[in-house]
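Visitor: Below is a structure I'd like to ask you about.
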Amino acid sequence: MGQREKSPYRNLVRKTAAVTGLAAITIPFGITQNPPAPVPPYSICSRNVNVLSLLPSPAGDPPNQKEDGDVQYLNALIDSTEANLLQEVPPASSLGQLQQVHLLGKLFMFDKSLSPAKNIACVTCHAPYAGFTGGTNIFNATTVAQPAGTAITNAVPPEPNVRFGPRKPPSYAYNSFAPILHFNATQADFYGGNFWDMRATGNHLANATAEEAQGPPLNPVEMGNIDEACVVWKVAEGGYSSLVVSLYGAPLSAIKWPSNVASVCAMPGPAPANNPYPVDLSTTDRGIVTGAYNQIVLAVASYEASSEVNSFSSKFDAYLAGNAQLTPAEQNGYELFNGKAHCNQCHVSGTAINSTNLAPANVAPLFTDFTSANIGIPRNLAEPYYCESKPDQVGYTANPMGLNFYDLGVGAMLSSSANDPDILQWKYLAPLFNGKFKVPSLRNVDMRPRADFTKAYMHNGYLKSLKEVVHFYNTSQSLPRCAQGSRGEKVSCWPAPETSANVTTLIGSLGLTSEEEDDIVAFLQTLTDGYVTSPSLTGLEKKKPTTNQ
């Protein structure tokens, strides 16, 4: 087996950190989430943020004294968690099969060695303490997309010096409930799939979450592996290959890896157009690689479907079970959510607010209808992706269109020539879905590690607080238009939608007062997992939720 790099924090005294929605995770003693660094003012492409200067130094270099505190905290959490999980591998045979599958999926999610530079894991962009999305305050507030694993070494300041994608990391909590993408002719709408544009259809592995997990390790603007064989090779060389072998019988040790596999897999993707499989393998070995990769991502999907990720442990769940009462503001927000604000038209709340037959917590609503919508969000020109228009050091250009790029969401996915026949059958529907993005679950929408932590909302992170979100839903079609960066933006005016076609008319002119907006925010905050029920509301002293009769 290859030697896994040791974390610099591994030998430090550890303490237990309770991470909402997960089992207890240990992090190194003394590593804390620092107060947020000052957020720079709006800048196109976030050119005023030197991203590379905020990240850890490459292996072998002196430590970066200016490394962002949240980045340091998250990396310590990832390293410590992976080290602890690896200790569970030798005795894993004593576990049940489902527990072993979950262990494999979680090991994969926290494994930084899978990226070419061994610097990012899946959890790097899906921090548990932030609702399984961006876990770094300054990036949420500026770049929105999280820095990929590949530095742009030929960047000329102030252009982006790290690869970025065009969207905010979607939360993977509660995504496992998404059905296989299908078109409902009666409703004239698509349901299911994962990713913001629904491109992880589930048609190939019969699991949309597993197909979503296939993407980031190979995406050039995320982990950036040049070949799926590189991912399997790293697993085969790492500390949990025995799980893959014992669970699926994958003959990883029989694969004849080429002598240059290490150098090939150290190169960031994408693969050259004339050589889509740079790791030179026999047909038989390539089949083993593909099968193993599919089994691993199915294990990731199983872990993401577990109660460790989808705990249904919010105050709202306690309310449904009769173990908590909503405050007057939360109750009013709940009623507005289901009524005047039209939120439950897409973020289905499931339970009628005036019903005495409330659902038990284990069948609680998911706050999504698994469709897509264009709510009129403007472009977020602070994303570095708009300035990634020149070839980087390996000749890759992330965004050849530069500032002329417009994200058409589901419409672009449907019209892409790269799609398979299962999608191309719907290509004619693409114009009807331009500008639409998946309706996410609202569970954990306000989960954050501290009160002053900035979260980014919508597919491009244009909105930065739940108050901004609700105000946008309330006024985006009734207030005047203004340019991005204008005085009064997001308060008394809004930039035009990125895509003017297919904008819903359900929202945008709701007539809510500021106080009503605040009450909806208060209700949304009850959807954060990890609520601790008061002892006075348990056992024989349960109280039924307050209802309006």
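Ligands are numbered from 1 in the order shown, residues from 1 within each chain, and chains are lettered A, B, ... in the order they appear in the structure tokens.
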Identify, on the basis of only C-alpha atoms, every residue whose closest approach to Cys482 of chain A does not exceed 7 Å; exclude the query and any residue fewer than 5 positions from it along the same chain; express the result as a ChimeraX atom specification.
Guide: /A:489,493-495
Visitor: With C-alpha atoms retained, write the just-selected residues as an mmCIF file, in the first residue's frame.
Guide:
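Wrote out.cif, looks like this:
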data_model
loop_
_atom_site.group_PDB
_atom_site.id
_atom_site.type_symbol
_atom_site.label_atom_id
_atom_site.label_comp_id
_atom_site.auth_asym_id
_atom_site.auth_seq_id
_atom_site.Cartn_x
_atom_site.Cartn_y
_atom_site.Cartn_z
ATOM 1 C CA GLU A 489 -29.041 47.359 -4.576
ATOM 2 C CA CYS A 493 -33.663 48.188 -6.395
ATOM 3 C CA TRP A 494 -32.626 44.958 -8.128
ATOM 4 C CA PRO A 495 -30.529 44.168 -11.222
#
Visitor: Please produce, as JSON lines, a per-residue contact table for segment 348-425 of chain A versus segment 262-286 of chain A (criterion: any atom at most 12 Å away, only C-alpha atoms considered), showing the nearest atom pair and its distance in Å to one decimal, sorted by chain then residue number.
Guide:
{"residue": "A:Asp392", "atom": "CA", "partner": "A:Pro268", "partner_atom": "CA", "distance": 10.9}
{"residue": "A:Gln393", "atom": "CA", "partner": "A:Pro268", "partner_atom": "CA", "distance": 10.2}
{"residue": "A:Val394", "atom": "CA", "partner": "A:Pro268", "partner_atom": "CA", "distance": 8.1}
{"residue": "A:Gly395", "atom": "CA", "partner": "A:Pro270", "partner_atom": "CA", "distance": 9.8}
{"residue": "A:Tyr396", "atom": "CA", "partner": "A:Pro270", "partner_atom": "CA", "distance": 7.5}
{"residue": "A:Thr397", "atom": "CA", "partner": "A:Pro270", "partner_atom": "CA", "distance": 10.1}
{"residue": "A:Ala398", "atom": "CA", "partner": "A:Pro270", "partner_atom": "CA", "distance": 10.1}
Visitor: At a cut-off of 10 Å, using only C-alpha atoms, what residues contact segment 514-526 of chain A? Leave out same-chain residues fewer than 4 positions from it and give the result as a ChimeraX atom specification.
Guide: /A:314-319,326-337,340-341,343,442-447,465-471,473-474,531
Visitor: From a DSSP calculation on the backbone, collect every residue of segment 407-534 of chain A in helix (DSSP H, G or I) and output the set as a ChimeraX atom specification.
Guide: /A:410-415,421-424,427-433,466-475,514-527
Visitor: Determine the nearest neighbour of Asp197 of chain A from the options A:Arg47, A:His182, A:Arg448, A:Arg167, counting only C-alpha atoms.
Guide: A:Arg167
Visitor: Sort by chain and increasing residue number a table of all residues of segment 173-217 of chain A within 12 Å of segment 227-250 of chain A, each with its closest pair of atoms and their distance in Å to one decimal, counting only C-alpha atoms, and write it as JSON lines.
Guide:
{"residue": "A:Gln214", "atom": "CA", "partner": "A:Glu228", "partner_atom": "CA", "distance": 8.9}
{"residue": "A:Gly215", "atom": "CA", "partner": "A:Glu228", "partner_atom": "CA", "distance": 9.9}
{"residue": "A:Pro216", "atom": "CA", "partner": "A:Glu228", "partner_atom": "CA", "distance": 10.8}
{"residue": "A:Pro217", "atom": "CA", "partner": "A:Val231", "partner_atom": "CA", "distance": 7.4}
Visitor: Write a file of the selected residues as a PDB file, in the first residue's frame, keeping N, CA, C and O atoms.
Guide:
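Writing done, so here's out.pdb:
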ATOM      1  N   GLN A 214     -20.356  11.201  -8.943  1.00  0.00           N
ATOM      2  CA  GLN A 214     -19.398  10.907  -9.998  1.00  0.00           C
ATOM      3  C   GLN A 214     -18.711  12.159 -10.527  1.00  0.00           C
ATOM      4  O   GLN A 214     -17.566  12.096 -10.998  1.00  0.00           O
ATOM      5  N   GLY A 215     -19.399  13.296 -10.456  1.00  0.00           N
ATOM      6  CA  GLY A 215     -18.941  14.479 -11.164  1.00  0.00           C
ATOM      7  C   GLY A 215     -17.744  15.208 -10.585  1.00  0.00           C
ATOM      8  O   GLY A 215     -16.740  15.403 -11.274  1.00  0.00           O
ATOM      9  N   PRO A 216     -17.792  15.671  -9.316  1.00  0.00           N
ATOM     10  CA  PRO A 216     -16.717  16.528  -8.792  1.00  0.00           C
ATOM     11  C   PRO A 216     -15.303  15.970  -8.887  1.00  0.00           C
ATOM     12  O   PRO A 216     -14.375  16.729  -9.180  1.00  0.00           O
ATOM     13  N   PRO A 217     -15.063  14.670  -8.654  1.00  0.00           N
ATOM     14  CA  PRO A 217     -13.673  14.199  -8.773  1.00  0.00           C
ATOM     15  C   PRO A 217     -13.086  14.394 -10.161  1.00  0.00           C
ATOM     16  O   PRO A 217     -11.860  14.527 -10.306  1.00  0.00           O
TER      17      PRO A 217
END
Visitor: For each of A:Asp111, A:Glu308, A:Asp369, A:Glu383, take the minimum atom-to-atom distance to Phe164 of chain A, counting only C-alpha atoms, then give the residue where this is smallest.
Guide: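 For Phe164 of chain A, the nearest of the given residues is A:Glu383.
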Visitor: Closest to Asp79 of chain A among A:Leu107, A:Ala210, A:Met223, A:Val261, using only C-alpha atoms?
Guide: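 Closest to Asp79 of chain A of all the choices is A:Leu107.
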Visitor: Using only C-alpha atoms, which residue out of A:Ala127, A:Leu320, A:Ala213, A:Cys346 lies closest to Asn294 of chain A?
Guide: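 Ranked by minimum distance to Asn294 of chain A, first place goes to A:Ala213.
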Visitor: Between atom CA of Ile375 of chain A and atom CA of Val503 of chain A, what is the spacing in Å?
Guide: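 One can read the atom CA of Val503 of chain A to atom CA of Ile375 of chain A distance as 5.5 Å.
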Visitor: Quick one: residues within 10 Å of Lys66 of chain A, only C-alpha atoms counted, chain neighbours fewer than 5 positions away excluded, as an MDAnalysis selection string?
Guide: chainID A and resid 53:57
Visitor: Go ahead and save the residues from that selection, with all heavy atoms, as an mmCIF file, in the first residue's frame.
Guide:
data_model
loop_
_atom_site.group_PDB
_atom_site.id
_atom_site.type_symbol
_atom_site.label_atom_id
_atom_site.label_comp_id
_atom_site.auth_asym_id
_atom_site.auth_seq_id
_atom_site.Cartn_x
_atom_site.Cartn_y
_atom_site.Cartn_z
ATOM 1 N N SER A 53 -3.556 33.345 -1.794
ATOM 2 C CA SER A 53 -2.887 33.768 -0.562
ATOM 3 C C SER A 53 -3.642 33.325 0.686
ATOM 4 O O SER A 53 -3.088 33.357 1.791
ATOM 5 C CB SER A 53 -2.731 35.293 -0.536
ATOM 6 O OG SER A 53 -3.990 35.928 -0.343
ATOM 7 N N LEU A 54 -4.907 32.913 0.547
ATOM 8 C CA LEU A 54 -5.722 32.506 1.685
ATOM 9 C C LEU A 54 -5.715 31.002 1.904
ATOM 10 O O LEU A 54 -6.295 30.513 2.879
ATOM 11 C CB LEU A 54 -7.168 32.977 1.493
ATOM 12 C CG LEU A 54 -7.374 34.485 1.314
ATOM 13 C CD1 LEU A 54 -8.821 34.781 0.957
ATOM 14 C CD2 LEU A 54 -6.964 35.235 2.568
ATOM 15 N N LEU A 55 -5.083 30.260 0.998
ATOM 16 C CA LEU A 55 -5.099 28.807 1.038
ATOM 17 C C LEU A 55 -3.808 28.262 1.640
ATOM 18 O O LEU A 55 -2.804 28.967 1.715
ATOM 19 C CB LEU A 55 -5.303 28.251 -0.371
ATOM 20 C CG LEU A 55 -6.565 28.720 -1.096
ATOM 21 C CD1 LEU A 55 -6.639 28.113 -2.491
ATOM 22 C CD2 LEU A 55 -7.818 28.365 -0.300
ATOM 23 N N PRO A 56 -3.813 26.990 2.053
ATOM 24 C CA PRO A 56 -2.575 26.411 2.615
ATOM 25 C C PRO A 56 -1.456 26.384 1.584
ATOM 26 O O PRO A 56 -1.703 26.305 0.369
ATOM 27 C CB PRO A 56 -2.999 24.984 2.991
ATOM 28 C CG PRO A 56 -4.488 25.012 3.046
ATOM 29 C CD PRO A 56 -4.931 26.049 2.076
ATOM 30 N N SER A 57 -0.237 26.425 2.052
ATOM 31 C CA SER A 57 0.914 26.308 1.163
ATOM 32 C C SER A 57 0.966 24.901 0.584
ATOM 33 O O SER A 57 0.513 23.937 1.217
ATOM 34 C CB SER A 57 2.202 26.584 1.928
ATOM 35 O OG SER A 57 2.210 27.879 2.478
#
Visitor: Leaving out Val144 of chain A and any residue of its chain fewer than 5 positions from it, which residues lie within 7 Å of it when counting only C-alpha atoms, given as a VMD selection string?
Guide: chain A and resid 139 168 383 456 460 to 461
Visitor: Could you please take those selected residues and save N, CA and C atoms as a PDB file, in the first residue's frame?
Guide:
ATOM      1  N   PHE A 139     -15.151  33.270   1.119  1.00  0.00           N
ATOM      2  CA  PHE A 139     -15.493  32.800  -0.219  1.00  0.00           C
ATOM      3  C   PHE A 139     -17.004  32.848  -0.452  1.00  0.00           C
ATOM      4  N   LYS A 168     -22.529  28.001  -6.885  1.00  0.00           N
ATOM      5  CA  LYS A 168     -22.371  27.698  -5.471  1.00  0.00           C
ATOM      6  C   LYS A 168     -22.469  26.189  -5.257  1.00  0.00           C
ATOM      7  N   GLU A 383     -18.316  36.410  -9.355  1.00  0.00           N
ATOM      8  CA  GLU A 383     -17.745  35.074  -9.504  1.00  0.00           C
ATOM      9  C   GLU A 383     -16.497  35.111 -10.387  1.00  0.00           C
ATOM     10  N   ALA A 456     -24.047  31.869   1.272  1.00  0.00           N
ATOM     11  CA  ALA A 456     -24.448  32.330  -0.056  1.00  0.00           C
ATOM     12  C   ALA A 456     -25.685  31.554  -0.479  1.00  0.00           C
ATOM     13  N   ASN A 460     -26.071  30.910  -7.838  1.00  0.00           N
ATOM     14  CA  ASN A 460     -24.843  31.691  -8.045  1.00  0.00           C
ATOM     15  C   ASN A 460     -24.458  32.507  -6.817  1.00  0.00           C
ATOM     16  N   GLY A 461     -25.111  32.240  -5.688  1.00  0.00           N
ATOM     17  CA  GLY A 461     -24.725  32.896  -4.442  1.00  0.00           C
ATOM     18  C   GLY A 461     -24.910  34.390  -4.417  1.00  0.00           C
TER      19      GLY A 461
END
